[in-house]
file model36.cif (mmCIF, C-alpha atoms)
data_my_file
loop_
_atom_site.label_atom_id
_atom_site.label_comp_id
_atom_site.auth_asym_id
_atom_site.auth_seq_id
_atom_site.Cartn_x
_atom_site.Cartn_y
_atom_site.Cartn_z
CA MET A 1 203.91 29.47 150.52
CA ASP A 2 202.94 31.89 147.74
CA VAL A 3 204.86 35.13 148.49
CA GLU A 4 201.87 37.25 147.58
CA VAL A 5 199.59 35.31 149.91
CA ASP A 6 202.23 35.40 152.65
CA GLY A 7 202.33 39.20 152.39
CA ILE A 8 198.57 39.37 152.60
CA LEU A 9 198.61 37.21 155.72
CA VAL A 10 201.10 39.47 157.48
CA ALA A 11 199.08 42.55 156.51
CA ALA A 12 195.89 40.88 157.71
CA HIS A 13 197.29 40.14 161.15
CA GLU A 14 198.64 43.68 161.40
CA LEU A 15 195.25 45.14 160.54
CA LYS A 16 193.12 42.94 162.70
CA ALA A 17 194.23 44.00 166.18
CA PRO A 18 193.58 47.76 165.79
CA LEU A 19 190.25 47.04 164.13
CA ALA A 20 189.13 44.91 167.06
CA VAL A 21 190.24 47.67 169.44
CA LEU A 22 188.38 50.32 167.44
CA ARG A 23 185.24 48.23 167.60
CA GLN A 24 185.58 47.69 171.35
CA LEU A 25 186.11 51.41 171.89
CA ALA A 26 182.96 52.24 170.02
CA LEU A 27 181.04 49.66 172.03
CA SER A 28 182.47 51.04 175.27
CA PHE A 29 181.00 54.53 174.89
CA ASP A 30 178.65 54.40 177.83
CA GLU A 31 176.73 57.57 177.28
CA MET A 32 175.87 58.70 173.82
CA ASN A 33 173.14 61.15 173.06
CA ASP A 34 170.84 60.64 170.11
CA THR A 35 172.91 62.96 167.92
CA ASN A 36 176.05 60.90 168.33
CA GLU A 37 174.59 57.42 168.40
CA HIS A 38 174.84 57.06 164.62
CA ILE A 39 178.59 57.77 164.83
CA ARG A 40 179.01 54.88 167.23
CA SER A 41 176.90 52.60 165.04
CA GLU A 42 178.96 53.57 162.02
CA MET A 43 182.25 52.91 163.86
CA VAL A 44 181.05 49.47 164.95
CA SER A 45 179.70 48.64 161.51
CA VAL A 46 182.79 49.81 159.58
CA SER A 47 185.17 47.96 161.87
CA GLU A 48 183.05 44.78 161.77
CA ARG A 49 183.08 44.77 157.98
CA ALA A 50 186.83 45.41 157.91
CA ILE A 51 187.42 42.62 160.46
CA LYS A 52 185.38 40.28 158.28
CA GLN A 53 187.49 41.08 155.22
CA VAL A 54 190.70 40.65 157.21
CA ASN A 55 189.43 37.27 158.45
CA ASP A 56 188.70 36.35 154.84
CA LEU A 57 192.29 37.20 153.93
CA ILE A 58 193.50 34.89 156.67
CA LYS A 59 191.23 32.19 155.23
CA VAL A 60 192.85 32.72 151.80
CA ARG A 61 196.11 31.58 153.37
CA ARG A 62 194.40 28.60 155.00
CA LEU A 63 193.00 27.46 151.65
CA GLU A 64 196.45 26.09 150.89
CA ASP A 65 196.18 23.79 153.88
CA GLY A 66 192.86 22.42 152.65
CA LEU A 67 191.22 22.97 156.03
CA PHE A 68 187.77 23.83 154.70
CA GLU A 69 185.58 20.79 154.36
CA MET A 70 183.22 20.51 151.43
CA GLU A 71 179.74 19.41 152.40
CA PRO A 72 176.12 19.66 151.30
CA VAL A 73 175.03 23.24 151.96
CA ALA A 74 171.53 24.71 151.78
CA VAL A 75 172.19 27.66 149.50
CA ARG A 76 169.03 29.59 150.40
CA ALA A 77 169.82 29.40 154.10
CA VAL A 78 173.25 30.92 153.44
CA CYS A 79 171.78 33.71 151.30
CA ASP A 80 169.12 34.38 153.94
CA ALA A 81 171.77 34.65 156.65
CA VAL A 82 173.85 37.09 154.60
CA THR A 83 170.90 39.29 153.67
CA ARG A 84 169.79 39.35 157.31
CA GLU A 85 173.26 40.47 158.37
CA LEU A 86 173.49 43.18 155.71
CA ASN A 87 169.90 44.35 155.96
CA TYR A 88 170.76 47.23 158.30
CA LEU A 89 173.35 48.46 155.81
CA PHE A 90 170.86 48.54 152.95
CA LYS A 91 168.48 50.47 155.16
CA GLY A 92 171.22 52.85 156.28
CA GLU A 93 172.22 53.55 152.68
CA ARG A 94 168.57 53.81 151.65
CA LYS A 95 168.99 51.19 149.00
CA GLY A 96 166.69 48.30 148.32
CA LEU A 97 167.45 44.61 148.10
CA PHE A 98 165.34 42.37 145.89
CA VAL A 99 165.69 38.64 146.61
CA ARG A 100 164.30 35.85 144.43
CA TYR A 101 164.77 32.12 144.86
CA SER A 102 163.70 29.97 141.93
CA ASN A 103 166.11 27.06 142.39
CA ARG A 104 164.51 23.64 142.67
CA VAL A 105 167.72 22.00 143.87
CA LYS A 106 168.32 23.09 147.43
CA LEU A 107 171.70 21.60 148.29
CA VAL A 108 175.05 22.40 146.72
CA THR A 109 178.52 21.09 147.41
CA ALA A 110 180.42 23.88 149.11
CA ASN A 111 181.94 25.05 152.34
CA ARG A 112 179.34 27.07 154.22
CA ASP A 113 181.77 29.70 155.58
CA LEU A 114 183.43 30.27 152.23
CA LEU A 115 180.11 30.48 150.38
CA TYR A 116 178.86 32.91 153.02
CA SER A 117 181.93 35.10 152.41
CA VAL A 118 181.47 35.03 148.62
CA VAL A 119 177.83 36.12 148.83
CA TYR A 120 178.69 38.65 151.54
CA ASN A 121 181.45 40.21 149.44
CA PHE A 122 179.30 40.38 146.31
CA LEU A 123 176.43 41.98 148.23
CA LEU A 124 178.73 44.44 149.98
CA ASN A 125 180.03 45.36 146.57
CA ALA A 126 176.46 45.87 145.35
CA ILE A 127 175.62 48.16 148.27
CA HIS A 128 178.75 50.19 147.69
CA TYR A 129 178.29 50.68 143.97
CA SER A 130 174.55 50.87 143.53
CA SER A 131 173.51 54.41 142.77
CA ALA A 132 171.36 56.23 145.30
CA GLU A 133 167.71 55.18 145.46
CA THR A 134 168.36 52.05 143.38
CA ARG A 135 168.28 48.45 144.48
CA ALA A 136 170.54 45.44 144.37
CA GLU A 137 169.20 42.05 143.32
CA LEU A 138 170.05 38.62 144.62
CA VAL A 139 168.75 35.78 142.50
CA VAL A 140 169.30 32.06 143.12
CA LYS A 141 168.32 29.75 140.26
CA ASP A 142 169.13 26.42 138.64
CA TYR A 143 171.67 26.87 135.86
CA HIS A 144 172.89 24.13 133.52
CA GLY A 145 173.11 21.42 136.16
CA MET A 146 174.39 23.82 138.80
CA VAL A 147 172.89 26.37 141.15
CA GLN A 148 173.64 29.99 140.38
CA VAL A 149 173.75 32.79 142.93
CA LYS A 150 173.74 36.10 141.08
CA ILE A 151 174.04 39.58 142.55
CA ARG A 152 173.25 42.56 140.37
CA ASP A 153 173.98 46.20 141.13
CA TYR A 154 172.94 49.37 139.33
CA GLY A 155 176.09 51.47 139.35
CA PRO A 156 179.18 52.08 137.24
CA ALA A 157 180.10 49.21 134.90
CA LEU A 158 182.96 46.92 135.82
CA PRO A 159 186.23 47.84 134.04
CA ILE A 160 187.05 45.54 131.13
CA ASP A 161 190.36 44.26 132.61
CA VAL A 162 188.71 43.15 135.85
CA TRP A 163 185.86 41.62 133.86
CA ARG A 164 188.40 39.62 131.81
CA GLU A 165 189.98 38.28 135.01
CA MET A 166 186.56 37.38 136.36
CA LYS A 167 185.75 35.71 133.03
CA ARG A 168 188.87 33.60 133.40
CA GLY A 169 187.43 32.70 136.78
CA PHE A 170 190.34 33.91 138.83
CA VAL A 171 191.35 37.34 140.11
CA ARG A 172 195.07 36.99 140.72
CA LYS A 173 195.51 39.85 143.19
CA PRO A 174 193.59 42.82 144.58
CA THR A 175 193.90 45.70 142.13
CA SER A 176 192.66 49.24 142.22
CA ILE A 177 189.45 49.64 140.28
CA ALA A 178 189.58 53.17 138.90
CA MET A 179 186.04 53.29 137.60
CA ARG A 180 184.76 52.07 140.90
CA PRO A 181 186.41 54.52 143.30
CA GLY A 182 187.14 53.44 146.84
CA SER A 183 187.60 49.81 145.87
CA SER A 184 190.73 47.71 146.03
CA GLY A 185 188.98 44.81 144.35
CA LEU A 186 189.68 42.91 147.55
CA GLY A 187 186.18 41.44 147.75
CA LEU A 188 186.44 40.08 144.21
CA PHE A 189 189.88 38.67 144.90
CA ILE A 190 188.58 36.88 148.00
CA ALA A 191 185.44 35.66 146.22
CA SER A 192 187.41 34.28 143.29
CA ARG A 193 189.88 32.43 145.54
CA PHE A 194 187.10 30.90 147.64
CA SER A 195 185.10 29.93 144.54
CA ARG A 196 188.08 28.20 142.99
CA TYR A 197 188.63 26.22 146.19
CA MET A 198 184.99 25.07 146.09
CA HIS A 199 185.27 24.08 142.39
CA ALA A 200 182.61 26.66 141.64
CA GLU A 201 182.51 28.97 138.64
CA VAL A 202 182.71 32.67 139.36
CA GLY A 203 182.19 35.48 136.90
CA ALA A 204 180.75 38.86 136.07
CA VAL A 205 178.37 40.26 133.48
CA ARG A 206 178.73 43.90 132.44
CA HIS A 207 175.52 45.83 131.90
CA ARG A 208 175.12 49.36 130.62
CA ASP A 209 173.84 50.37 134.01
CA GLY A 210 175.78 48.15 136.39
CA THR A 211 177.30 44.74 136.93
CA SER A 212 176.16 41.26 137.89
CA PHE A 213 178.48 38.95 139.76
CA TYR A 214 177.68 35.28 139.94
CA ILE A 215 178.88 32.01 141.37
CA ASN A 216 177.75 28.69 139.89
CA LEU A 217 177.84 25.94 142.48
CA PRO A 218 177.93 22.19 141.86
CA ILE A 219 174.82 20.35 143.03
CA SER A 220 175.25 17.99 145.93
CA LYS A 221 174.52 14.56 144.37
CA GLN A 222 175.21 12.84 147.66
CA MET A 223 172.13 14.31 149.27
CA SER A 224 169.86 14.49 146.27
CA MET A 225 167.65 11.62 147.48
CA PHE A 226 166.90 13.63 150.60
CA ASP A 227 166.35 16.82 148.70
CA TYR A 228 163.11 18.23 149.96
CA ASP A 229 161.80 21.70 150.36
CA PHE A 230 163.11 23.05 153.66
CA TYR A 231 161.22 26.25 153.29
CA ASN A 232 157.63 25.33 152.56
CA MET B 1 188.79 40.37 192.44
CA ILE B 2 189.22 40.17 188.68
CA PHE B 3 192.54 39.97 186.84
CA ILE B 4 192.80 41.27 183.27
CA ILE B 5 195.92 40.08 181.46
CA GLU B 6 196.09 41.97 178.18
CA ASP B 7 199.06 43.66 176.51
CA ASP B 8 196.97 46.09 174.47
CA LYS B 9 196.27 48.99 176.84
CA VAL B 10 193.17 50.20 175.03
CA MET B 11 191.65 46.73 174.87
CA ALA B 12 192.46 46.25 178.57
CA GLU B 13 190.69 49.51 179.36
CA CYS B 14 187.63 48.44 177.38
CA ILE B 15 187.43 45.21 179.41
CA MET B 16 188.02 47.17 182.61
CA ARG B 17 185.15 49.53 181.78
CA ALA B 18 182.85 46.58 181.41
CA CYS B 19 183.93 45.42 184.88
CA LEU B 20 182.92 48.69 186.51
CA GLY B 21 182.03 48.14 190.18
CA TYR B 22 184.39 45.19 190.63
CA ASP B 23 187.86 45.14 192.14
CA VAL B 24 190.01 44.84 189.01
CA ARG B 25 193.75 44.55 188.44
CA VAL B 26 195.28 44.87 184.99
CA PHE B 27 198.54 43.24 183.91
CA SER B 28 200.28 43.69 180.59
CA ASN B 29 202.04 40.32 180.74
CA ALA B 30 201.78 36.90 182.34
CA ILE B 31 204.88 37.31 184.54
CA GLU B 32 203.41 40.29 186.42
CA ALA B 33 200.15 38.44 186.97
CA MET B 34 201.93 35.29 188.17
CA GLY B 35 203.99 37.44 190.56
CA GLU B 36 200.81 38.80 192.11
CA ILE B 37 199.35 35.30 192.46
CA SER B 38 202.60 34.17 194.11
CA ASN B 39 201.89 36.81 196.77
CA ASN B 40 198.74 34.89 197.61
CA ILE B 41 196.41 37.26 195.83
CA ILE B 42 194.07 34.79 194.17
CA PRO B 43 191.51 36.31 191.80
CA GLU B 44 187.96 35.05 191.46
CA LEU B 45 188.12 35.39 187.67
CA ILE B 46 190.78 36.04 185.03
CA PHE B 47 190.28 37.56 181.58
CA LEU B 48 193.29 36.32 179.64
CA ASP B 49 194.70 37.29 176.25
CA ILE B 50 196.73 34.56 174.53
CA MET B 51 199.18 36.42 172.30
CA LEU B 52 201.13 38.27 174.99
CA ASP B 53 204.57 39.80 175.15
CA GLY B 54 206.88 37.27 176.81
CA PRO B 55 205.30 34.02 177.97
CA ASP B 56 202.03 33.50 176.11
CA GLY B 57 198.62 32.74 177.57
CA PHE B 58 199.06 28.97 177.36
CA THR B 59 202.30 29.10 179.36
CA PHE B 60 200.36 31.02 182.00
CA LEU B 61 197.51 28.49 181.92
CA ASN B 62 199.92 25.57 182.32
CA GLU B 63 201.50 27.32 185.28
CA LEU B 64 198.11 27.87 186.94
CA VAL B 65 196.88 24.29 186.59
CA SER B 66 200.10 22.92 188.07
CA TYR B 67 199.33 24.38 191.52
CA THR B 68 196.41 23.15 193.58
CA ASP B 69 195.44 26.59 194.89
CA THR B 70 195.26 28.12 191.41
CA ALA B 71 194.10 25.16 189.34
CA ASN B 72 190.42 26.04 189.76
CA ILE B 73 190.49 29.75 189.01
CA PRO B 74 187.89 30.40 186.30
CA ILE B 75 189.56 31.73 183.16
CA VAL B 76 187.91 33.52 180.27
CA ILE B 77 190.11 33.70 177.19
CA VAL B 78 189.82 36.96 175.27
CA SER B 79 191.55 36.57 171.93
CA SER B 80 191.33 37.10 168.19
CA LEU B 81 192.49 33.54 167.62
CA ASP B 82 190.00 30.91 166.59
CA PHE B 83 189.30 28.36 169.34
CA ASP B 84 186.27 26.69 167.78
CA ASN B 85 186.14 22.97 168.58
CA VAL B 86 189.10 23.23 170.96
CA ASP B 87 188.50 21.84 174.46
CA LEU B 88 190.18 24.17 176.92
CA SER B 89 188.34 22.99 180.03
CA ILE B 90 191.45 21.14 181.26
CA TYR B 91 192.96 24.58 181.85
CA GLY B 92 189.97 25.78 183.87
CA VAL B 93 188.76 27.83 180.93
CA VAL B 94 185.08 28.63 181.44
CA GLY B 95 184.64 30.72 178.33
CA VAL B 96 186.24 32.06 175.17
CA LEU B 97 185.47 35.53 173.87
CA ASN B 98 186.51 36.50 170.38
CA LYS B 99 187.77 40.08 170.30
CA ASP B 100 186.29 40.50 166.83
CA THR B 101 182.73 39.82 167.93
CA MET B 102 182.46 40.22 171.71
CA VAL B 103 180.40 42.98 173.30
CA PRO B 104 180.79 44.55 176.79
CA GLU B 105 177.75 42.55 177.98
CA ASP B 106 179.76 39.33 177.49
CA ILE B 107 182.38 40.58 179.95
CA LYS B 108 179.69 41.75 182.38
CA ARG B 109 177.98 38.37 182.23
CA TYR B 110 181.12 36.48 183.25
CA ALA B 111 181.96 39.06 185.95
CA LYS B 112 178.48 38.70 187.42
CA GLU B 113 178.54 34.92 187.25
CA TYR B 114 181.88 34.45 188.95
CA CYS B 115 182.20 37.52 191.15
CA GLY B 116 178.56 37.68 192.18
CA LYS B 117 177.19 41.22 191.84
#

call {"tool": "encode", "arguments": {"input": "model36.cif", "output": "structure tokens"}}
result
Amino acid sequence: MDVEVDGILVAAHELKAPLAVLRQLALSFDEMNDTNEHIRSEMVSVSERAIKQVNDLIKVRRLEDGLFEMEPVAVRAVCDAVTRELNYLFKGERKGLFVRYSNRVKLVTANRDLLYSVVYNFLLNAIHYSSAETRAELVVKDYHGMVQVKIRDYGPALPIDVWREMKRGFVRKPTSIAMRPGSSGLGLFIASRFSRYMHAEVGAVRHRDGTSFYINLPISKQMSMFDYDFYN
Amino acid sequence: MIFIIEDDKVMAECIMRACLGYDVRVFSNAIEAMGEISNNIIPELIFLDIMLDGPDGFTFLNELVSYTDTANIPIVIVSSLDFDNVDLSIYGVVGVLNKDTMVPEDIKRYAKEYCGK
């Protein structure tokens, strides 16, 4: 096994148990007055997000075993599920989320859990780095025979070295992102590993006022004859 | 009576809090719990962690199903391990709770269902 990935796996297991306990503790507070309720909510929310990232790290290890099946996945349904889950966080941070679906092809070849994690990590990144009172954007569209999921934030631009790694389509390891304080680049590392597994293209576009992260997913040819509009 | 077999004291306390109003006994390992059962104290429900110090949860489950008087004790597994698509009913497992996502109401629901309050 890759030594780096092995180390991550050990760290992930070490981190997971106390996080689960922290979450349970917060949930166990029987009596909380209105003043303290937000502290409990924050504890639960922070630990849930951390648990999710730790679980993603464990999945990185499992990628080597090829345990994640590729199947036709309805990309809008995945994006809807992620935005529903993170909606409370956008509200809490008083940031907006603009969602637009213009893709005609509905099904892509992917693993639902991995795709969910990629979109989740990109959106979490967007919440974290969008400046106050701005919005993040999630756009799904057809793109050169693929389906592109793009998440745009309005915050500090992505450092050039991380952008280069994203451009190559593979972030080798989590690295500290100085211009984006508080980040280990873990989300990008996870997203790039999962994307590679799914034979999807991952990348980033630097803007003067923020960054767009995208994943281009192969269309599911197998199901194309059944491709109808699930949503209308 | 409810048995909680969990080596993390804080997690055990969280489960115990959710079982408020029930007769609860907490054990930090499977050997202690098995010792109590050997003394003819048969619980109505067991919340069982899998990754325990000493014999793990599955060793405990195998032990339980091998005796007629303990084979039918309802067991709820409380673990961070992933048991999706794993059939544990042969061990008398009536439910699996993931520590990452469970809420106190999940514990209360099982306590109410099997211990009747």

call {"tool": "atom_distance", "arguments": {"input": "model36.cif", "atom1": "atom CA of Ser117 of chain A", "atom2": "atom CA of Lys59 of chain A"}}
result
10.1 Å

call {"tool": "residues_around", "arguments": {"input": "model36.cif", "residues": "Lys99 of chain B", "least_positions_apart": "6", "cutoff": "9 Å", "atoms": "only C-alpha atoms", "output": "MDAnalysis selection string"}}
result
(chainID A and resid 17 20:21 23:24) or (chainID B and resid 11 78:81)

call {"tool": "resolve_selection", "arguments": {"input": "model36.cif", "expression": "the PyMOL selection byres ((chain A and resi 51) around 8)", "output": "PyMOL selection string"}}
result
(chain A and resi 16+19-20+47-50+52-55) or (chain B and resi 100)

call {"tool": "resolve_selection", "arguments": {"input": "model36.cif", "expression": "the PyMOL selection byres ((chain B) within 9 of (chain A))", "output": "list of chain:residue names"}}
result
B:Asp8, B:Val10, B:Met11, B:Glu13, B:Cys14, B:Ile15, B:Arg17, B:Ala18, B:Ser80, B:Lys99, B:Asp100, B:Thr101, B:Met102, B:Val103, B:Pro104

call {"tool": "atom_distance", "arguments": {"input": "model36.cif", "atom1": "atom CA of Val46 of chain A", "atom2": "atom CA of Ala81 of chain A"}}
result
19.0 Å

call {"tool": "decode", "arguments": {"input": "model36.cif", "residues": "segment 45-69 of chain B", "atoms": "C-alpha atoms", "output": "PDB file, in the first residue's frame"}}
result
ATOM      1  CA  LEU B  45     -31.549  -5.849  25.203  1.00  0.00           C
ATOM      2  CA  ILE B  46     -27.828  -5.351  24.560  1.00  0.00           C
ATOM      3  CA  PHE B  47     -26.152  -2.346  22.945  1.00  0.00           C
ATOM      4  CA  LEU B  48     -22.860  -3.754  21.701  1.00  0.00           C
ATOM      5  CA  ASP B  49     -19.727  -2.084  20.362  1.00  0.00           C
ATOM      6  CA  ILE B  50     -17.644  -4.249  18.013  1.00  0.00           C
ATOM      7  CA  MET B  51     -14.089  -2.950  18.379  1.00  0.00           C
ATOM      8  CA  LEU B  52     -13.544  -3.762  22.050  1.00  0.00           C
ATOM      9  CA  ASP B  53     -10.486  -4.307  24.191  1.00  0.00           C
ATOM     10  CA  GLY B  54      -9.914  -8.061  24.453  1.00  0.00           C
ATOM     11  CA  PRO B  55     -12.437 -10.299  22.705  1.00  0.00           C
ATOM     12  CA  ASP B  56     -14.273  -8.274  20.069  1.00  0.00           C
ATOM     13  CA  GLY B  57     -18.014  -7.937  19.568  1.00  0.00           C
ATOM     14  CA  PHE B  58     -18.236 -10.852  17.148  1.00  0.00           C
ATOM     15  CA  THR B  59     -16.571 -13.218  19.624  1.00  0.00           C
ATOM     16  CA  PHE B  60     -19.210 -12.136  22.131  1.00  0.00           C
ATOM     17  CA  LEU B  61     -22.014 -12.655  19.585  1.00  0.00           C
ATOM     18  CA  ASN B  62     -20.756 -16.151  18.731  1.00  0.00           C
ATOM     19  CA  GLU B  63     -20.683 -16.985  22.420  1.00  0.00           C
ATOM     20  CA  LEU B  64     -24.268 -15.781  22.907  1.00  0.00           C
ATOM     21  CA  VAL B  65     -25.765 -17.707  19.994  1.00  0.00           C
ATOM     22  CA  SER B  66     -24.120 -20.940  21.147  1.00  0.00           C
ATOM     23  CA  TYR B  67     -26.306 -21.126  24.280  1.00  0.00           C
ATOM     24  CA  THR B  68     -30.046 -21.656  24.063  1.00  0.00           C
ATOM     25  CA  ASP B  69     -30.900 -19.259  26.893  1.00  0.00           C
TER      26      ASP B  69
END
